[in-house]
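Worksheet for the structure shown next.
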Amino acid sequence: MAPSSTTPASGGTFLDSLVFRLDAQDGCAGAPIVQLSASVNLGITYRIPADRSKLQIVYLQGGSWTNVTTVPDPNPQNTYISATIDKAGIYAVIQKP
């Protein structure tokens with residue numbers, strides 16, 4: 001099943017079908033890492049019209065989308081959202097109803 005065919009958390013819709021995989025590995029040719037050793041900032045810029053107050057970053061876990069605490073850029077002119085994450089994997093941006 002394609003990740004985009006799974007219903008997003010909160011009943012939202014995918015923002016422009018944006019679904020992506022974040023990979024991490026131990027060194028250039030090392031083993032894959034799922035749990036990151038420290039939290040990192042995931043920043044996403046969007047270029048299509050959207051209600052920034054309803055945008056949500058989600059993480060695919062066990063076949064279901066899980067909400068990730070998402071923060072819009074404080075400047076209302078910027079089309080940027082971010083989240084602090086600690087896992088590699090499949091992420092998407094949704095717009096909540």
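Identifiers in the structure tokens: chain A, B, ... in order shown; residue index from 1 per chain; ligand index from 1 in order shown.
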Point to revise | Neighbour list for range 69-78 of chain A as a list in words, cut-off 6 Å, only C-alpha atoms, skip fewer than 3 positions in-chain | key: Gln56, Ile57, Ile81, Ser82 and Ala83 of chain A
Point to revise | Exercise: Ser39 in chain A partners within 9 Å, only C-alpha atoms, chain neighbours under 2 positions left out, as a PyMOL selection string | key: chain A and resi 36-37+41+84-87
Saved selection, atoms kept: all heavy atoms, as a CSV table (one decimal), in the first residue's frame:
```csv
chain,number,residue,atom,x,y,z
A,36,LEU,N,17.0,8.4,15.8
A,36,LEU,CA,18.2,9.3,15.7
A,36,LEU,C,18.8,9.4,17.1
A,36,LEU,O,18.1,9.3,18.1
A,36,LEU,CB,17.7,10.6,15.2
A,36,LEU,CG,17.0,10.6,13.8
A,36,LEU,CD1,16.6,12.0,13.4
A,36,LEU,CD2,17.9,10.0,12.7
A,37,SER,N,20.1,9.7,17.2
A,37,SER,CA,20.8,9.8,18.5
A,37,SER,C,20.4,11.1,19.2
A,37,SER,O,20.6,11.3,20.4
A,37,SER,CB,22.3,9.7,18.3
A,37,SER,OG,22.7,10.8,17.4
A,41,ASN,N,15.7,19.4,13.8
A,41,ASN,CA,14.6,20.2,13.3
A,41,ASN,C,14.3,19.8,11.8
A,41,ASN,O,15.2,19.8,11.0
A,41,ASN,CB,15.0,21.7,13.3
A,41,ASN,CG,13.8,22.6,12.9
A,41,ASN,OD1,12.7,22.5,13.4
A,41,ASN,ND2,14.1,23.4,11.9
A,84,THR,N,10.2,19.2,15.5
A,84,THR,CA,11.4,18.6,16.1
A,84,THR,C,11.1,17.1,16.0
A,84,THR,O,10.1,16.6,16.5
A,84,THR,CB,11.6,19.0,17.6
A,84,THR,OG1,11.8,20.4,17.5
A,84,THR,CG2,12.8,18.3,18.2
A,85,ILE,N,12.0,16.3,15.4
A,85,ILE,CA,11.8,14.9,15.2
A,85,ILE,C,13.0,14.1,15.7
A,85,ILE,O,14.1,14.7,15.9
A,85,ILE,CB,11.5,14.5,13.7
A,85,ILE,CG1,12.8,14.9,12.9
A,85,ILE,CG2,10.3,15.2,13.2
A,85,ILE,CD1,12.7,14.3,11.5
A,86,ASP,N,12.8,12.8,16.0
A,86,ASP,CA,13.8,12.0,16.5
A,86,ASP,C,13.9,10.6,15.8
A,86,ASP,O,14.5,9.7,16.2
A,86,ASP,CB,13.8,11.8,18.0
A,86,ASP,CG,12.5,11.1,18.5
A,86,ASP,OD1,11.7,10.8,17.6
A,86,ASP,OD2,12.3,10.9,19.7
A,87,LYS,N,13.1,10.5,14.7
A,87,LYS,CA,13.1,9.3,13.9
A,87,LYS,C,13.2,9.5,12.4
A,87,LYS,O,12.7,10.5,11.9
A,87,LYS,CB,11.7,8.6,14.1
A,87,LYS,CG,11.5,8.1,15.5
A,87,LYS,CD,10.1,7.4,15.5
A,87,LYS,CE,9.6,7.1,16.9
A,87,LYS,NZ,9.3,8.3,17.7
```
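As for CA of Ile94 in chain A and CA of Arg47 in chain A, they are spaced 13.7 Å apart.
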Exercise for review: Go through chain A and collect every residue that DSSP, computed from the backbone, puts in strand (DSSP E or B); the answer should be as a PyMOL selection string.
Suggested key: chain A and resi 13-22+25+32+35-45+55-61+64-68+71-72+80-87+89-95
Exercise for review: For CA of Ile33 in chain A and CA of Asn67 in chain A, quote the distance in Å rounded to one decimal.
Suggested key: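 Interatomic distance, CA of Ile33 in chain A to CA of Asn67 in chain A: 21.1 Å.
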Point to revise | Neighbour list for Gly89 in chain A as a count of residues only, cut-off 12 Å, only C-alpha atoms, skip fewer than 4 positions in-chain | key: 22
DSSP-assigned helix (DSSP H, G or I) among chain A, expressed as a short mmCIF file (atom, residue, chain, number, x, y, z; two decimals) with C-alpha atoms, in the first residue's frame:
```cif
data_model
loop_
_atom_site.label_atom_id
_atom_site.label_comp_id
_atom_site.auth_asym_id
_atom_site.auth_seq_id
_atom_site.Cartn_x
_atom_site.Cartn_y
_atom_site.Cartn_z
CA PRO A 3 1.74 5.83 2.02
CA SER A 4 -0.41 8.39 0.21
CA SER A 5 -3.28 5.89 0.08
CA ALA A 9 -4.28 11.64 10.96
CA SER A 10 -6.90 14.20 12.00
CA GLY A 11 -8.92 13.51 8.83
CA ARG A 52 -0.95 27.83 7.76
CA SER A 53 -2.92 27.40 11.00
CA LYS A 54 -4.19 24.03 9.72
#
```
Using only C-alpha atoms, which protein or nucleic acid residues come within 8 Å of Tyr46 in chain A? Drop anything in the same chain fewer than 2 positions from it, and give the result as a PDB file with C-alpha atoms, in the first residue's frame.
```
ATOM      1  CA  ILE A  44       9.434  22.322   5.190  1.00  0.00           C
ATOM      2  CA  ILE A  48       0.919  26.303  -2.779  1.00  0.00           C
ATOM      3  CA  THR A  79       5.421  29.711   3.950  1.00  0.00           C
ATOM      4  CA  TYR A  80       7.417  27.475   6.271  1.00  0.00           C
TER       5      TYR A  80
END
```
